Amino acid sequence: MGDISCSNVNGNVYSQRKSCWYEEEIEENLRWCFALNSILHTGATQFQDIQLLDTKPFGKALVIDGKLQSAEIDEFIYHESLVHPALLHHPNPKTIFVMGGGEGSTARELLRHKTVDKVVMCDIDEEVVEFCKSYLAANSEAFCDPRLELIINDARAELEKREDKYDVIIGDLADPLEGGPCYQLYTKTFYELTVKPKLMQGGIFVTQAGPAGVFSHTEVFTCIFNTLKQVFKYVVPYSAHIPSYADIWGWVMASDYPITLSPDELDLRMKQRINGENRYLDGKTFVSASTLSKAVRKSLDVETHVYTEGAARFIYGHGHGSTHKNDHA
């Protein structure tokens, strides 16, 4: 859960100067904190607590349910990693369905692809979407793109009622938090009965999959991988370090069609298909990202847990948690 405190800090850096800090409890005995310039917004929607912070090390940062979701300075790492591998491995991705993605960065990266005709972005929380439209200027062009169809609804209900099928379906959902709105969208039933039937022939599913560090990967990453392995023939886990998350982060890509391209083939498709330059991802970077450490590979090999609604795993924290502001003299 995120906590904001303001105090007079006497030290070499902040000598006699009042400083505000954001603190996030990553584990029971581990907290991550950074200095703030200001608190731009704090409030609660029907589904989630939301804050927008102006941080000194990471620029503007979006915090939902006490977990940092996205920071201005390094969100490109997360969003390039989430979007581009799946679209590049697909031969001709035209229609995309995004579950979540309310801040608009996923849509921004998708709409850089010349093949894309339509992006349906379905987020449950209209207040978060409107908030991000207002405050996150980097994504304003994406929100105005005529190829983007924005739907406010539960992603499962929306996918189930639509007759359309999609070339790529993307899970840009909040982490599976106990009491949060999203954990049912990581279950085997959901993948098998809702996601897979809505993929076109050759379709690819990709989801963010939580922390993937040497110590943190067993929280949800290995379980999401193993759950998808029960549903799809080919499953590719990969990860990248995201400084503002204070950890390595994971994604899992899945399909019934082989997901194999060389670094050169990926680079060629990027050059042919994507407008503008990626800042993070290229062919060699993806090969590196999908080459996991020995410790993580061993855990993936032996993982037996499958996500069901009755047997979910959660990352540390709770949904719709309270955020406290403490003023210390």
# chains A, B, ... in the order shown; residues from 1 in each chain; ligands from 1
call {"tool": "closest_atom_pairs", "arguments": {"of": "stretch 196-247 of chain A", "to": "stretch 26-50 of chain A", "cutoff": "12 Å", "atoms": "only C-alpha atoms", "output": "tab-separated table"}}
result
residue	atom	partner	partner_atom	distance
A:Pro211	CA	A:Ile26	CA	10.5
A:Phe215	CA	A:Glu27	CA	11.2
A:Ser216	CA	A:Glu27	CA	9.6
A:Glu219	CA	A:Glu27	CA	10.9
A:Pro243	CA	A:Trp32	CA	11.3
A:Ser244	CA	A:Phe34	CA	9.4
A:Tyr245	CA	A:Trp32	CA	8.9
A:Ala246	CA	A:Trp32	CA	7.4
A:Asp247	CA	A:Ile26	CA	9.9
call {"tool": "residues_around", "arguments": {"residues": "A:Cys223", "least_positions_apart": "6", "cutoff": "12 Å", "atoms": "only C-alpha atoms", "output": "compact mmCIF listing (two decimals) with N, CA, C and O atoms, in the first residue's frame"}}
result
# COMPACT_ATOMS: atom_id res chain seq x y z
N PRO A 176 -3.03 -9.11 -9.95
CA PRO A 176 -4.01 -9.85 -9.16
C PRO A 176 -3.85 -9.56 -7.67
O PRO A 176 -3.00 -10.11 -6.99
N TYR A 186 -7.30 -13.70 -14.73
CA TYR A 186 -6.05 -14.47 -14.85
C TYR A 186 -6.31 -15.97 -14.71
O TYR A 186 -5.38 -16.75 -14.59
N THR A 187 -7.56 -16.38 -14.73
CA THR A 187 -7.89 -17.79 -14.45
C THR A 187 -7.92 -18.66 -15.71
O THR A 187 -8.14 -18.16 -16.82
N LYS A 188 -7.75 -19.94 -15.50
CA LYS A 188 -7.80 -20.90 -16.61
C LYS A 188 -9.15 -20.85 -17.32
O LYS A 188 -9.22 -20.87 -18.55
N ALA A 209 2.31 -10.00 -16.33
CA ALA A 209 2.28 -11.17 -15.45
C ALA A 209 2.99 -10.95 -14.13
O ALA A 209 3.48 -11.89 -13.52
N GLY A 210 3.05 -9.69 -13.69
CA GLY A 210 3.55 -9.41 -12.35
C GLY A 210 5.06 -9.42 -12.23
O GLY A 210 5.79 -9.54 -13.21
N PRO A 211 5.55 -9.32 -10.98
CA PRO A 211 7.00 -9.30 -10.75
C PRO A 211 7.65 -10.60 -11.21
O PRO A 211 7.07 -11.67 -11.06
N ALA A 212 8.86 -10.47 -11.78
CA ALA A 212 9.54 -11.65 -12.32
C ALA A 212 11.00 -11.69 -11.88
O ALA A 212 11.86 -12.24 -12.57
N HIS A 217 9.43 -13.81 -8.51
CA HIS A 217 8.72 -14.44 -9.64
C HIS A 217 7.72 -15.51 -9.23
O HIS A 217 6.82 -15.84 -9.99
N LYS A 229 -0.25 -22.33 -20.05
CA LYS A 229 0.28 -23.56 -20.66
C LYS A 229 -0.79 -24.66 -20.73
O LYS A 229 -0.71 -25.55 -21.57
N GLN A 230 -1.79 -24.59 -19.85
CA GLN A 230 -2.88 -25.57 -19.88
C GLN A 230 -3.85 -25.29 -21.03
O GLN A 230 -4.66 -26.15 -21.39
N PRO A 237 7.33 -16.89 -21.88
CA PRO A 237 7.48 -15.91 -20.82
C PRO A 237 8.69 -15.02 -21.10
O PRO A 237 9.70 -15.48 -21.64
N GLY A 250 7.35 -9.12 -15.54
CA GLY A 250 7.13 -10.24 -16.45
C GLY A 250 5.89 -10.07 -17.33
O GLY A 250 4.92 -9.40 -16.95
N TRP A 251 5.96 -10.71 -18.49
CA TRP A 251 4.83 -10.83 -19.43
C TRP A 251 4.81 -12.26 -19.94
O TRP A 251 5.85 -12.94 -19.93
N VAL A 252 3.66 -12.71 -20.37
CA VAL A 252 3.56 -14.04 -20.98
C VAL A 252 2.74 -13.93 -22.26
O VAL A 252 1.65 -13.36 -22.27
N VAL A 296 14.66 -18.66 -12.36
CA VAL A 296 13.29 -18.47 -12.84
C VAL A 296 12.87 -19.64 -13.74
O VAL A 296 11.76 -20.16 -13.63
N SER A 299 11.89 -22.61 -11.68
CA SER A 299 10.56 -22.43 -11.08
C SER A 299 9.45 -22.64 -12.10
O SER A 299 8.42 -23.24 -11.79
N LEU A 300 9.65 -22.13 -13.32
CA LEU A 300 8.65 -22.33 -14.37
C LEU A 300 8.48 -23.82 -14.68
O LEU A 300 7.37 -24.30 -14.90
N ASP A 301 9.59 -24.55 -14.67
CA ASP A 301 9.56 -25.98 -14.99
C ASP A 301 8.77 -26.79 -13.96
O ASP A 301 8.14 -27.79 -14.31
N VAL A 302 8.85 -26.36 -12.69
CA VAL A 302 8.24 -27.19 -11.63
C VAL A 302 6.90 -26.63 -11.14
O VAL A 302 6.26 -27.26 -10.30
N GLU A 303 6.49 -25.47 -11.65
CA GLU A 303 5.23 -24.88 -11.19
C GLU A 303 4.05 -25.80 -11.55
O GLU A 303 3.92 -26.24 -12.68
N THR A 304 3.19 -26.05 -10.57
CA THR A 304 2.02 -26.90 -10.80
C THR A 304 0.70 -26.15 -10.56
O THR A 304 -0.36 -26.62 -10.96
N HIS A 305 0.78 -25.00 -9.92
CA HIS A 305 -0.44 -24.26 -9.57
C HIS A 305 -1.11 -23.70 -10.82
O HIS A 305 -0.44 -23.17 -11.70
N VAL A 306 -2.41 -23.84 -10.87
CA VAL A 306 -3.21 -23.28 -11.97
C VAL A 306 -4.20 -22.29 -11.36
O VAL A 306 -4.89 -22.62 -10.38
N TYR A 307 -4.26 -21.09 -11.94
CA TYR A 307 -5.19 -20.07 -11.44
C TYR A 307 -6.64 -20.50 -11.67
O TYR A 307 -7.06 -20.74 -12.80
N THR A 308 -7.40 -20.60 -10.59
CA THR A 308 -8.86 -20.73 -10.70
C THR A 308 -9.45 -19.70 -9.74
O THR A 308 -8.75 -19.15 -8.89
N ALA A 311 -8.80 -20.78 -6.33
CA ALA A 311 -7.40 -21.00 -5.92
C ALA A 311 -6.50 -19.98 -6.62
O ALA A 311 -5.67 -20.33 -7.42
N ALA A 312 -6.73 -18.73 -6.28
CA ALA A 312 -5.93 -17.65 -6.89
C ALA A 312 -4.71 -17.37 -6.04
O ALA A 312 -4.68 -17.65 -4.85
N ARG A 313 -3.70 -16.82 -6.70
CA ARG A 313 -2.54 -16.28 -5.98
C ARG A 313 -2.55 -14.77 -6.18
O ARG A 313 -2.97 -14.28 -7.21
N PHE A 314 -2.04 -14.06 -5.19
CA PHE A 314 -2.06 -12.61 -5.25
C PHE A 314 -0.67 -12.05 -4.99
O PHE A 314 0.14 -12.67 -4.31
N ILE A 315 -0.42 -10.86 -5.54
CA ILE A 315 0.80 -10.18 -5.14
C ILE A 315 0.53 -9.49 -3.81
O ILE A 315 -0.62 -9.35 -3.38
call {"tool": "residues_around", "arguments": {"residues": "stretch 68-84 of chain A", "least_positions_apart": "4", "cutoff": "9 Å", "atoms": "only C-alpha atoms", "output": "JSON, numbers by chain"}}
result
{"A": [2, 24, 55, 57, 58, 59, 60, 61, 62, 63, 64, 88, 89, 103, 105, 106, 107, 108, 109, 110, 113, 136, 138, 170, 171, 172, 174, 206, 207, 208, 238, 239, 240, 241, 242, 243, 244, 245, 249, 251, 252, 253, 270, 278, 279, 280, 281, 286, 289]}
call {"tool": "select_by_dssp", "arguments": {"residues": "stretch 88-200 of chain A", "states": "helix (DSSP H, G or I)", "output": "VMD selection string"}}
result
chain A and resid 88 to 89 105 to 110 126 to 135 137 to 144 155 to 161 183 to 186 188 to 198
call {"tool": "atom_distance", "arguments": {"atom1": "atom CA of A:Tyr135", "atom2": "atom CA of A:Leu52"}}
result
8.6 Å
call {"tool": "closest_residue", "arguments": {"among": "A:Val220, A:Phe97, A:Asp3, A:Ala254", "to": "A:Lys67", "atoms": "only C-alpha atoms"}}
result
A:Asp3
call {"tool": "select_by_dssp", "arguments": {"residues": "stretch 185-316 of chain A", "states": "strand (DSSP E)", "output": "MDAnalysis selection string"}}
result
chainID A and resid 199:211 234:242 247:255
call {"tool": "write_last_selection", "arguments": {"atoms": "C-alpha atoms", "output": "PDB file, in the first residue's frame"}}
result
ATOM      1  CA  LEU A 199      -8.805 -15.126 -31.194  1.00  0.00           C
ATOM      2  CA  MET A 200      -8.687 -15.353 -34.979  1.00  0.00           C
ATOM      3  CA  GLN A 201      -6.689 -18.093 -36.656  1.00  0.00           C
ATOM      4  CA  GLY A 202      -3.028 -17.328 -35.927  1.00  0.00           C
ATOM      5  CA  GLY A 203      -4.076 -15.153 -32.987  1.00  0.00           C
ATOM      6  CA  ILE A 204      -1.823 -14.290 -30.066  1.00  0.00           C
ATOM      7  CA  PHE A 205      -2.678 -13.473 -26.447  1.00  0.00           C
ATOM      8  CA  VAL A 206      -0.289 -11.549 -24.211  1.00  0.00           C
ATOM      9  CA  THR A 207      -0.660 -10.450 -20.612  1.00  0.00           C
ATOM     10  CA  GLN A 208       1.357  -8.590 -18.058  1.00  0.00           C
ATOM     11  CA  ALA A 209       2.277 -11.173 -15.453  1.00  0.00           C
ATOM     12  CA  GLY A 210       3.550  -9.406 -12.355  1.00  0.00           C
ATOM     13  CA  PRO A 211       6.995  -9.296 -10.748  1.00  0.00           C
ATOM     14  CA  TYR A 234       2.967 -22.300 -27.350  1.00  0.00           C
ATOM     15  CA  VAL A 235       3.725 -20.100 -24.326  1.00  0.00           C
ATOM     16  CA  VAL A 236       6.611 -17.623 -24.116  1.00  0.00           C
ATOM     17  CA  PRO A 237       7.477 -15.914 -20.815  1.00  0.00           C
ATOM     18  CA  TYR A 238       9.751 -12.859 -20.873  1.00  0.00           C
ATOM     19  CA  SER A 239      10.827 -10.054 -18.565  1.00  0.00           C
ATOM     20  CA  ALA A 240      12.532  -6.671 -18.262  1.00  0.00           C
ATOM     21  CA  HIS A 241      13.848  -4.459 -15.493  1.00  0.00           C
ATOM     22  CA  ILE A 242      11.657  -1.432 -14.785  1.00  0.00           C
ATOM     23  CA  ASP A 247      12.054  -5.072  -9.782  1.00  0.00           C
ATOM     24  CA  ILE A 248      12.135  -7.102 -12.965  1.00  0.00           C
ATOM     25  CA  TRP A 249       8.658  -7.344 -14.516  1.00  0.00           C
ATOM     26  CA  GLY A 250       7.126 -10.236 -16.451  1.00  0.00           C
ATOM     27  CA  TRP A 251       4.832 -10.828 -19.429  1.00  0.00           C
ATOM     28  CA  VAL A 252       3.564 -14.040 -20.977  1.00  0.00           C
ATOM     29  CA  MET A 253       2.679 -14.480 -24.654  1.00  0.00           C
ATOM     30  CA  ALA A 254       0.568 -17.453 -25.777  1.00  0.00           C
ATOM     31  CA  SER A 255      -0.775 -18.912 -29.020  1.00  0.00           C
TER      32      SER A 255
END
call {"tool": "closest_residue", "arguments": {"among": "A:Pro85, A:Gly104, A:Leu193, A:Ser19", "to": "A:Asp282", "atoms": "only C-alpha atoms"}}
result
A:Pro85
call {"tool": "residues_around", "arguments": {"residues": "A:Val116", "least_positions_apart": "2", "cutoff": "10 Å", "atoms": "only C-alpha atoms", "output": "JSON, numbers by chain"}}
result
{"A": [87, 92, 93, 94, 95, 96, 110, 111, 112, 113, 114, 118, 119, 147, 167, 273]}
call {"tool": "write_last_selection", "arguments": {"atoms": "C-alpha atoms", "output": "PDB file, in the first residue's frame"}}
result
ATOM      1  CA  LEU A  87       2.109  -7.796 -32.802  1.00  0.00           C
ATOM      2  CA  ASN A  92      -0.653  -9.256 -40.110  1.00  0.00           C
ATOM      3  CA  PRO A  93      -2.295  -7.887 -36.950  1.00  0.00           C
ATOM      4  CA  LYS A  94      -5.307  -5.742 -37.852  1.00  0.00           C
ATOM      5  CA  THR A  95      -7.728  -6.000 -34.931  1.00  0.00           C
ATOM      6  CA  ILE A  96      -6.695  -5.773 -31.286  1.00  0.00           C
ATOM      7  CA  LEU A 110      -0.508  -0.288 -30.716  1.00  0.00           C
ATOM      8  CA  LEU A 111      -1.491   2.600 -32.954  1.00  0.00           C
ATOM      9  CA  ARG A 112       2.123   3.004 -34.092  1.00  0.00           C
ATOM     10  CA  HIS A 113       1.654  -0.240 -36.080  1.00  0.00           C
ATOM     11  CA  LYS A 114       0.757   0.425 -39.712  1.00  0.00           C
ATOM     12  CA  LYS A 118      -8.922  -1.190 -35.024  1.00  0.00           C
ATOM     13  CA  VAL A 119      -8.070  -1.191 -31.316  1.00  0.00           C
ATOM     14  CA  ARG A 147      -8.952   3.582 -34.939  1.00  0.00           C
ATOM     15  CA  ASP A 167      -5.747 -11.003 -34.121  1.00  0.00           C
ATOM     16  CA  ARG A 273       5.513  -1.960 -39.676  1.00  0.00           C
TER      17      ARG A 273
END
call {"tool": "closest_residue", "arguments": {"among": "A:Lys56, A:Ile224, A:Gly66, A:Thr194", "to": "A:Glu23", "atoms": "only C-alpha atoms"}}
result
A:Gly66
call {"tool": "closest_residue", "arguments": {"among": "A:Gln272, A:Asp145, A:Leu261, A:Thr189", "to": "A:Ser290", "atoms": "only C-alpha atoms"}}
result
A:Leu261
